[in-house]
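Undergrad: I'm passing along work_12.cif; it holds mmCIF, C-alpha atoms.
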data_query
loop_
_atom_site.label_atom_id
_atom_site.label_comp_id
_atom_site.auth_asym_id
_atom_site.auth_seq_id
_atom_site.Cartn_x
_atom_site.Cartn_y
_atom_site.Cartn_z
CA MET A 904 7.88 16.37 2.71
CA LYS A 905 4.69 17.19 0.82
CA LYS A 906 2.21 14.67 -0.48
CA CYS A 907 0.43 15.17 -3.75
CA ILE A 908 -3.08 16.44 -2.99
CA ALA A 909 -4.50 14.62 -6.00
CA CYS A 910 -2.98 11.13 -5.76
CA GLY A 911 -1.25 10.97 -2.37
CA MET A 912 2.23 10.22 -3.67
CA PRO A 913 5.00 11.51 -1.39
CA MET A 914 7.05 14.08 -3.28
CA GLN A 915 10.68 13.69 -2.30
CA GLU A 916 12.64 14.91 -5.30
CA ILE A 917 12.09 18.20 -7.07
CA SER A 918 11.44 16.17 -10.21
CA ASP A 919 8.40 14.58 -8.49
CA TYR A 920 6.59 17.93 -8.56
CA ALA A 921 4.53 19.14 -11.50
CA LEU A 922 6.94 20.94 -13.86
CA GLY A 923 9.62 20.44 -11.19
CA ASP A 924 8.04 23.32 -9.24
CA GLU A 925 8.22 22.75 -5.48
CA SER A 926 5.61 25.38 -4.76
CA LYS A 927 2.99 23.16 -6.42
CA ASP A 928 0.87 20.82 -4.28
CA TYR A 929 0.49 18.13 -6.91
CA CYS A 930 2.89 15.75 -8.61
CA LYS A 931 4.06 15.25 -12.17
CA PHE A 932 1.60 12.40 -12.67
CA CYS A 933 -1.36 14.60 -11.79
CA ALA A 934 -0.36 17.51 -14.03
CA ARG A 935 -1.36 18.21 -17.62
CA PRO A 936 1.47 18.93 -20.08
CA ASP A 937 1.01 22.67 -19.44
CA GLY A 938 1.50 22.13 -15.68
CA THR A 939 -2.09 22.70 -14.53
CA MET A 940 -3.71 20.03 -12.37
CA GLN A 941 -5.86 17.43 -14.05
CA SER A 942 -9.62 17.54 -13.52
CA TYR A 943 -11.48 14.97 -11.43
CA GLU A 944 -12.62 13.13 -14.56
CA GLU A 945 -9.14 13.09 -16.08
CA LYS A 946 -7.56 11.80 -12.86
CA LEU A 947 -10.26 9.17 -12.34
CA ASP A 948 -9.70 7.98 -15.85
CA SER A 949 -5.91 7.81 -15.58
CA LEU A 950 -6.00 6.19 -12.15
CA THR A 951 -8.46 3.55 -13.38
CA ASN A 952 -6.21 2.80 -16.34
CA PHE A 953 -3.16 2.67 -14.08
CA ILE A 954 -4.83 0.07 -11.85
CA ILE A 955 -5.86 -2.00 -14.87
CA LYS A 956 -2.39 -1.81 -16.39
CA THR A 957 -0.41 -2.57 -13.24
CA GLN A 958 -2.76 -4.89 -11.33
CA GLY A 959 -4.96 -6.31 -14.06
CA LEU A 960 -8.29 -5.56 -12.36
CA ASP A 961 -11.60 -5.70 -14.17
CA LYS A 962 -12.59 -2.28 -15.55
CA MET A 963 -15.58 -1.74 -13.23
CA ALA A 964 -13.66 -2.91 -10.15
CA ALA A 965 -10.73 -0.68 -11.06
CA ASN A 966 -13.03 2.31 -11.50
CA SER A 967 -14.68 1.75 -8.14
CA ALA A 968 -11.30 1.37 -6.43
CA ALA A 969 -10.02 4.55 -8.07
CA GLU A 970 -13.11 6.45 -6.89
CA ALA A 971 -12.58 5.19 -3.34
CA MET A 972 -8.92 6.20 -3.41
CA MET A 973 -9.65 9.68 -4.69
CA LYS A 974 -12.37 10.28 -2.08
CA LYS A 975 -9.66 10.23 0.58
CA LEU A 976 -7.46 12.87 -1.02
CA PRO A 977 -7.59 16.60 -0.24
CA ALA A 978 -8.07 17.67 -3.85
CA TRP A 979 -11.30 15.69 -4.27
CA LYS A 980 -12.80 15.67 -0.77
CA ASN A 981 -15.68 17.94 -1.68
CA ILE A 982 -16.56 16.36 -4.99
CA MET B 471 -2.15 24.93 12.75
CA LYS B 472 -1.21 24.63 16.38
CA GLU B 473 -3.17 21.99 18.24
CA ASN B 474 -4.50 22.73 21.69
CA LYS B 475 -4.03 20.44 24.64
CA ARG B 476 -7.42 18.80 24.26
CA GLN B 477 -6.78 18.03 20.61
CA LEU B 478 -3.34 16.61 21.40
CA GLN B 479 -4.82 14.34 24.02
CA LYS B 480 -7.54 13.23 21.64
CA ASN B 481 -4.94 12.36 19.01
CA SER B 482 -2.83 10.46 21.47
CA THR B 483 -5.82 8.38 22.61
CA ARG B 484 -6.71 7.67 18.99
CA LYS B 485 -3.15 6.58 18.33
CA ARG B 486 -3.19 4.31 21.36
CA ILE B 487 -6.42 2.67 20.24
CA ILE B 488 -5.02 2.08 16.74
CA GLU B 489 -1.81 0.64 18.15
CA ALA B 490 -3.73 -1.75 20.42
CA ALA B 491 -6.04 -2.68 17.54
CA VAL B 492 -3.13 -3.52 15.23
CA ASN B 493 -1.85 -6.00 17.80
CA GLU B 494 -5.25 -7.46 18.67
CA PHE B 495 -6.23 -7.85 15.01
CA ALA B 496 -2.91 -9.56 14.32
CA VAL B 497 -3.48 -12.08 17.11
CA ASN B 498 -7.23 -12.62 17.03
CA GLY B 499 -8.23 -11.79 13.46
CA LEU B 500 -9.59 -8.73 11.71
CA THR B 501 -13.19 -9.88 11.60
CA THR B 502 -13.35 -11.65 14.94
CA THR B 503 -11.57 -9.33 17.39
CA ARG B 504 -13.90 -7.77 19.97
CA THR B 505 -13.75 -4.02 20.48
CA ALA B 506 -13.94 -4.64 24.23
CA ASP B 507 -10.59 -6.43 24.04
CA ILE B 508 -9.05 -3.58 22.06
CA ALA B 509 -10.30 -1.10 24.66
CA ARG B 510 -8.77 -3.15 27.47
CA LYS B 511 -5.41 -3.38 25.72
CA ALA B 512 -5.46 0.35 24.94
CA GLY B 513 -6.36 1.14 28.54
CA VAL B 514 -9.52 3.06 27.62
CA SER B 515 -13.20 2.48 28.30
CA HIS B 516 -15.27 0.64 25.71
CA GLY B 517 -17.24 3.83 25.06
CA THR B 518 -14.08 5.78 24.28
CA ILE B 519 -13.46 3.60 21.24
CA PHE B 520 -16.81 4.60 19.81
CA ALA B 521 -16.18 8.25 20.56
CA HIS B 522 -13.28 8.00 18.12
CA PHE B 523 -14.67 5.49 15.64
CA HIS B 524 -18.42 5.28 15.12
CA THR B 525 -18.46 1.63 14.17
CA GLN B 526 -16.15 -1.35 14.37
CA GLU B 527 -15.89 -1.16 10.59
CA GLU B 528 -14.65 2.41 10.80
CA LEU B 529 -11.98 1.36 13.30
CA LEU B 530 -10.86 -1.50 11.06
CA THR B 531 -10.58 0.79 8.04
CA ALA B 532 -8.64 3.36 10.05
CA VAL B 533 -6.22 0.69 11.22
CA ILE B 534 -5.63 -0.66 7.71
CA GLU B 535 -5.18 2.90 6.51
CA ASP B 536 -2.67 3.61 9.26
CA VAL B 537 -0.61 0.48 8.64
CA GLY B 538 -0.89 1.04 4.87
CA GLU B 539 0.42 4.56 5.29
CA ARG B 540 3.38 3.29 7.33
CA ILE B 541 4.14 0.56 4.79
CA ASN B 542 3.96 3.09 1.96
CA THR B 543 6.22 5.57 3.67
CA ARG B 544 8.80 2.93 4.52
CA LEU B 545 8.66 1.51 1.01
CA HIS B 546 9.16 4.95 -0.44
CA GLU B 547 12.14 5.49 1.85
CA ILE B 548 13.81 2.20 1.00
CA ALA B 549 12.85 1.78 -2.65
CA GLY B 550 12.17 5.32 -3.88
CA GLY B 551 14.14 6.65 -6.83
CA GLN B 552 16.02 4.53 -9.33
CA LYS B 553 17.40 1.71 -7.26
CA GLY B 554 16.74 -1.32 -9.39
CA PHE B 555 14.18 -4.10 -9.44
CA SER B 556 15.92 -6.59 -7.18
CA LEU B 557 16.26 -3.92 -4.50
CA ALA B 558 12.59 -3.01 -4.83
CA LEU B 559 11.61 -6.64 -4.19
CA LYS B 560 13.95 -6.82 -1.20
CA ALA B 561 12.51 -3.57 0.14
CA HIS B 562 8.98 -4.90 -0.22
CA ILE B 563 9.77 -8.04 1.77
CA GLU B 564 11.67 -6.04 4.35
CA VAL B 565 8.80 -3.61 4.88
CA LEU B 566 6.18 -6.36 5.07
CA MET B 567 8.31 -8.11 7.67
CA GLU B 568 7.91 -5.09 9.94
CA PHE B 569 4.13 -5.59 9.84
CA GLU B 570 4.04 -9.32 9.22
CA PRO B 571 1.48 -10.58 11.78
CA PHE B 572 -1.09 -7.92 10.91
CA TYR B 573 -0.46 -8.10 7.18
CA THR B 574 -0.81 -11.89 7.24
CA ARG B 575 -4.30 -11.47 8.70
CA LEU B 576 -5.06 -8.96 5.99
CA VAL B 577 -4.07 -11.49 3.33
CA ILE B 578 -6.06 -14.32 4.88
CA GLU B 579 -9.24 -12.36 5.60
CA ASN B 580 -9.24 -10.01 2.62
CA ARG B 581 -12.43 -11.30 0.99
CA LEU B 582 -14.35 -11.11 4.26
CA LEU B 583 -13.60 -7.44 4.84
CA PRO B 584 -16.02 -4.57 4.19
CA LYS B 585 -15.56 -2.75 0.87
CA GLU B 586 -13.93 0.30 2.38
CA ALA B 587 -11.27 -1.80 4.06
CA ARG B 588 -10.63 -3.70 0.84
CA ASP B 589 -10.35 -0.46 -1.11
CA THR B 590 -7.76 0.70 1.38
CA LEU B 591 -5.74 -2.46 0.87
CA LEU B 592 -5.99 -1.99 -2.88
CA MET B 593 -4.66 1.52 -2.46
CA LEU B 594 -1.65 0.07 -0.67
CA GLN B 595 -1.10 -2.45 -3.45
CA SER B 596 -1.23 0.37 -5.99
CA THR B 597 1.70 2.05 -4.33
CA VAL B 598 3.61 -1.22 -4.32
CA SER B 599 2.83 -1.84 -7.98
CA PHE B 600 3.88 1.72 -8.76
CA HIS B 601 7.28 1.20 -7.13
CA LEU B 602 7.84 -2.14 -8.79
CA SER B 603 6.83 -0.90 -12.23
CA GLN B 604 9.07 2.16 -11.87
CA ALA B 605 11.96 -0.07 -10.89
CA ILE B 606 11.43 -2.60 -13.64
CA GLN B 607 10.95 -0.13 -16.50
CA LYS B 608 14.58 0.87 -16.83
CA GLU B 609 15.81 -2.71 -16.74
CA VAL B 610 13.35 -3.80 -19.39
CA GLU B 611 14.65 -1.00 -21.61
CA GLU B 612 18.21 -2.13 -20.96
CA GLY B 613 17.22 -5.66 -21.88
CA SER B 614 18.21 -7.28 -18.60
CA ILE B 615 14.61 -8.09 -17.66
CA LYS B 616 12.08 -9.70 -19.99
CA LYS B 617 9.30 -7.57 -21.37
CA LEU B 618 6.24 -9.11 -19.71
CA PRO B 619 2.73 -7.79 -19.07
CA GLU B 620 2.99 -5.34 -16.15
CA ASP B 621 -0.06 -6.67 -14.34
CA MET B 622 1.24 -10.23 -14.43
CA VAL B 623 4.66 -9.14 -13.21
CA PHE B 624 2.96 -7.55 -10.23
CA ASN B 625 0.37 -10.26 -9.62
CA GLY B 626 3.00 -12.95 -10.00
CA TRP B 627 5.07 -11.39 -7.27
CA ILE B 628 2.16 -10.55 -4.96
CA GLY B 629 0.69 -14.01 -5.53
CA LEU B 630 3.91 -15.66 -4.48
CA VAL B 631 4.36 -13.53 -1.37
CA HIS B 632 0.71 -13.78 -0.32
CA TYR B 633 0.59 -17.54 -0.84
CA TYR B 634 3.53 -18.04 1.48
CA MET B 635 2.07 -15.65 4.03
CA ALA B 636 -1.42 -17.18 3.93
CA ASN B 637 0.11 -20.61 4.51
CA SER B 638 2.88 -19.56 6.86
CA ASP B 639 1.88 -22.34 9.27
CA LEU B 640 2.96 -24.87 6.64
CA PHE B 641 6.16 -23.18 5.53
CA SER B 642 7.37 -21.69 8.76
CA PRO B 643 5.36 -22.95 11.74
CA GLU B 644 7.79 -21.52 14.23
CA GLY B 645 8.38 -18.02 13.05
CA THR B 646 8.25 -15.46 10.31
CA VAL B 647 7.78 -16.96 6.88
CA LEU B 648 9.20 -13.87 5.18
CA LYS B 649 12.44 -14.21 7.06
CA LYS B 650 12.66 -17.90 6.32
CA CYS B 651 11.55 -17.89 2.67
CA GLY B 652 11.90 -14.26 1.57
CA GLU B 653 15.29 -14.59 -0.05
CA LYS B 654 14.32 -17.78 -1.82
CA MET B 655 11.22 -16.07 -3.23
CA ILE B 656 13.22 -13.08 -4.43
CA LYS B 657 15.83 -15.29 -6.08
CA PHE B 658 13.27 -17.49 -7.80
CA TYR B 659 11.24 -14.56 -9.01
CA LEU B 660 14.28 -12.70 -10.34
CA ASP B 661 15.40 -15.84 -12.18
CA MET B 662 11.97 -16.01 -13.81
CA VAL B 663 11.96 -12.46 -15.13
CA THR B 664 15.64 -12.02 -15.95
CA CYS B 665 16.87 -12.50 -19.49
CA LYS B 666 19.44 -15.27 -19.49
CA ASN B 667 20.45 -14.62 -23.05
CA LYS B 668 19.27 -11.32 -24.45
CA ARG B 669 19.48 -12.35 -28.10
CA GLU B 670 17.46 -15.50 -27.70
CA ASP B 671 14.81 -13.67 -25.77
CA ASP B 672 14.50 -11.02 -28.50
#
Take the structure in this file and express it as structure tokens.

TA:
Amino acid sequence: MKKCIACGMPMQEISDYALGDESKDYCKFCARPDGTMQSYEEKLDSLTNFIIKTQGLDKMAANSAAEAMMKKLPAWKNI
Amino acid sequence: MKENKRQLQKNSTRKRIIEAAVNEFAVNGLTTTRTADIARKAGVSHGTIFAHFHTQEELLTAVIEDVGERINTRLHEIAGGQKGFSLALKAHIEVLMEFEPFYTRLVIENRLLPKEARDTLLMLQSTVSFHLSQAIQKEVEEGSIKKLPEDMVFNGWIGLVHYYMANSDLFSPEGTVLKKCGEKMIKFYLDMVTCKNKREDD
């Protein structure tokens, strides 16, 4: 089972992959509508908002947590 | 990539250290356990620990990461896909039960941990909140669960579970608090978020 290189989510179903394409290394949540992978800034922004929406963290704290999470993932290691 | 013998051995030692650390941290605390004790339990020299982890902080983060990864994988296995909110809650309790002593320490000592370790815990909670919000979405649309702020739905649940775990000595002095009170928590929480009468709630 592959894990999304950009957010770490395990991709079990074909529908978890970007555009339902199993050859891709990133998931549907990390893809733009055209299927390409989101940029670092786009992902940081969406992850920050996700944390705020689902866990209610303060904006700065959520941003710092999102940065820390992304640092661990293959897609952003060298950024 | 095929690993050579040396690499395999290195990985197995690392795994052994992490395993011993999980147990020692669970018994003696995350911030107070001595690396010398972990080394003894893992059957390695004290120096070997620092060959694998430069600092005690690095070891702690690696251990939280490792347990977090296992919790995430198990949660994904049990609660992945569209299986309903009540099952997602049950799965969460079930998975935490597998790691209860260590996780309890994590809950109690959270604020005392270095930032990297706390970020790792937050990452774990994000996966949990993701599963719960996925599970709840469909039922909110169907009208069987109240439409409530997502963050409060998550924090309400986590708050309940963590409170019982942090005070397990008061609720369940003789054993696992999740086993003793888990079902009661799930039932109470479900009652709180479920629509008794759809029309009235609209």

Undergrad: When the cut-off is 7 Å and we count only C-alpha atoms, which residues of chain B are near chain A, given as a PyMOL selection string?

TA: chain B and resi 589+593+596+599+620-621+624-625

Undergrad: Please, what distance in Å, to one decimal, runs between atom CA of Glu528 of chain B and atom CA of Ala587 of chain B?

TA: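 Separation of atom CA of Glu528 of chain B and atom CA of Ala587 of chain B: 8.6 Å.
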
Undergrad: Given the PyMOL selection byres ((chain B and resi 530) around 10) and the file above, list the residues it selects as a list in words.

TA: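 For this structure, the PyMOL selection byres ((chain B and resi 530) around 10) resolves to Ile488, Ala491, Val492, Phe495, Leu500, Thr501, Phe523, Thr525, Gln526, Glu527, Glu528, Leu529, Thr531, Ala532, Val533, Ile534, Glu535, Asp536, Leu583, Pro584, Glu586 and Ala587 of chain B.
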
Undergrad: Return as a list of chain:residue names the set of residues that the PyMOL selection byres ((chain B and resi 472-481) around 12) yields on the displayed structure.

TA: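 Selection result, ordered by chain and number: B:Met471, B:Ser482, B:Thr483, B:Arg484, B:Lys485, B:Arg486, B:Ile487, B:Ile488, B:Val514, B:Thr518, B:Ile519, B:Ala521, B:His522.
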
Undergrad: Go ahead and write the selection's residues with C-alpha atoms as a tab-separated table (two decimals), in the frame of the given file.

TA:
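Result written to selection-v5.tsv:
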chain	number	residue	atom	x	y	z
B	471	MET	CA	-2.15	24.93	12.75
B	482	SER	CA	-2.83	10.46	21.47
B	483	THR	CA	-5.82	8.38	22.61
B	484	ARG	CA	-6.71	7.67	18.99
B	485	LYS	CA	-3.15	6.58	18.33
B	486	ARG	CA	-3.19	4.31	21.36
B	487	ILE	CA	-6.42	2.67	20.24
B	488	ILE	CA	-5.02	2.08	16.74
B	514	VAL	CA	-9.52	3.06	27.62
B	518	THR	CA	-14.08	5.78	24.28
B	519	ILE	CA	-13.46	3.60	21.24
B	521	ALA	CA	-16.18	8.25	20.56
B	522	HIS	CA	-13.28	8.00	18.12

Undergrad: For atom CA of Ser603 of chain B and atom CA of Glu945 of chain A, quote the distance in Å rounded to one decimal.

TA: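 Separation of atom CA of Ser603 of chain B and atom CA of Glu945 of chain A: 21.6 Å.
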
Undergrad: Tell me which residues the PyMOL selection byres ((chain B and resi 565) around 9) grabs here, as JSON, numbers by chain.

TA: {"B": [541, 542, 544, 545, 548, 560, 561, 562, 563, 564, 566, 567, 568, 569, 570]}

Undergrad: Please measure the separation of atom CA of Val537 of chain B and atom CA of Leu594 of chain B, giving the value in Å to one decimal.

TA: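 A separation of 9.4 Å between them.
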
Undergrad: Which polymer residues have any atom within 12 Å of an atom of Arg935 of chain A, counting all atoms listed in the file, with same-chain residues fewer than 3 positions away left out, as a list of chain:residue names?

TA: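 Non-adjacent residues within range: A:Ala921, A:Leu922, A:Tyr929, A:Cys930, A:Lys931, A:Phe932, A:Gly938, A:Thr939, A:Met940, A:Gln941, A:Ser942, A:Glu945, A:Lys946, A:Ser949.
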
Undergrad: Of the residues B:His601, B:Lys585, B:His546, B:His632, which is the one nearest to Met904 of chain A, using only C-alpha atoms?

TA: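 Of B:His601, B:Lys585, B:His546, B:His632, the one nearest Met904 of chain A, counting only C-alpha atoms, is B:His546.
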
Undergrad: Using all atoms listed in the file, which of the listed residues (B:Met635, B:Ala512, B:Glu547, B:Ile606) sits closest to Cys651 of chain B?

TA: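 Once distances to Cys651 of chain B are computed over all atoms listed in the file, the minimum belongs to B:Met635.
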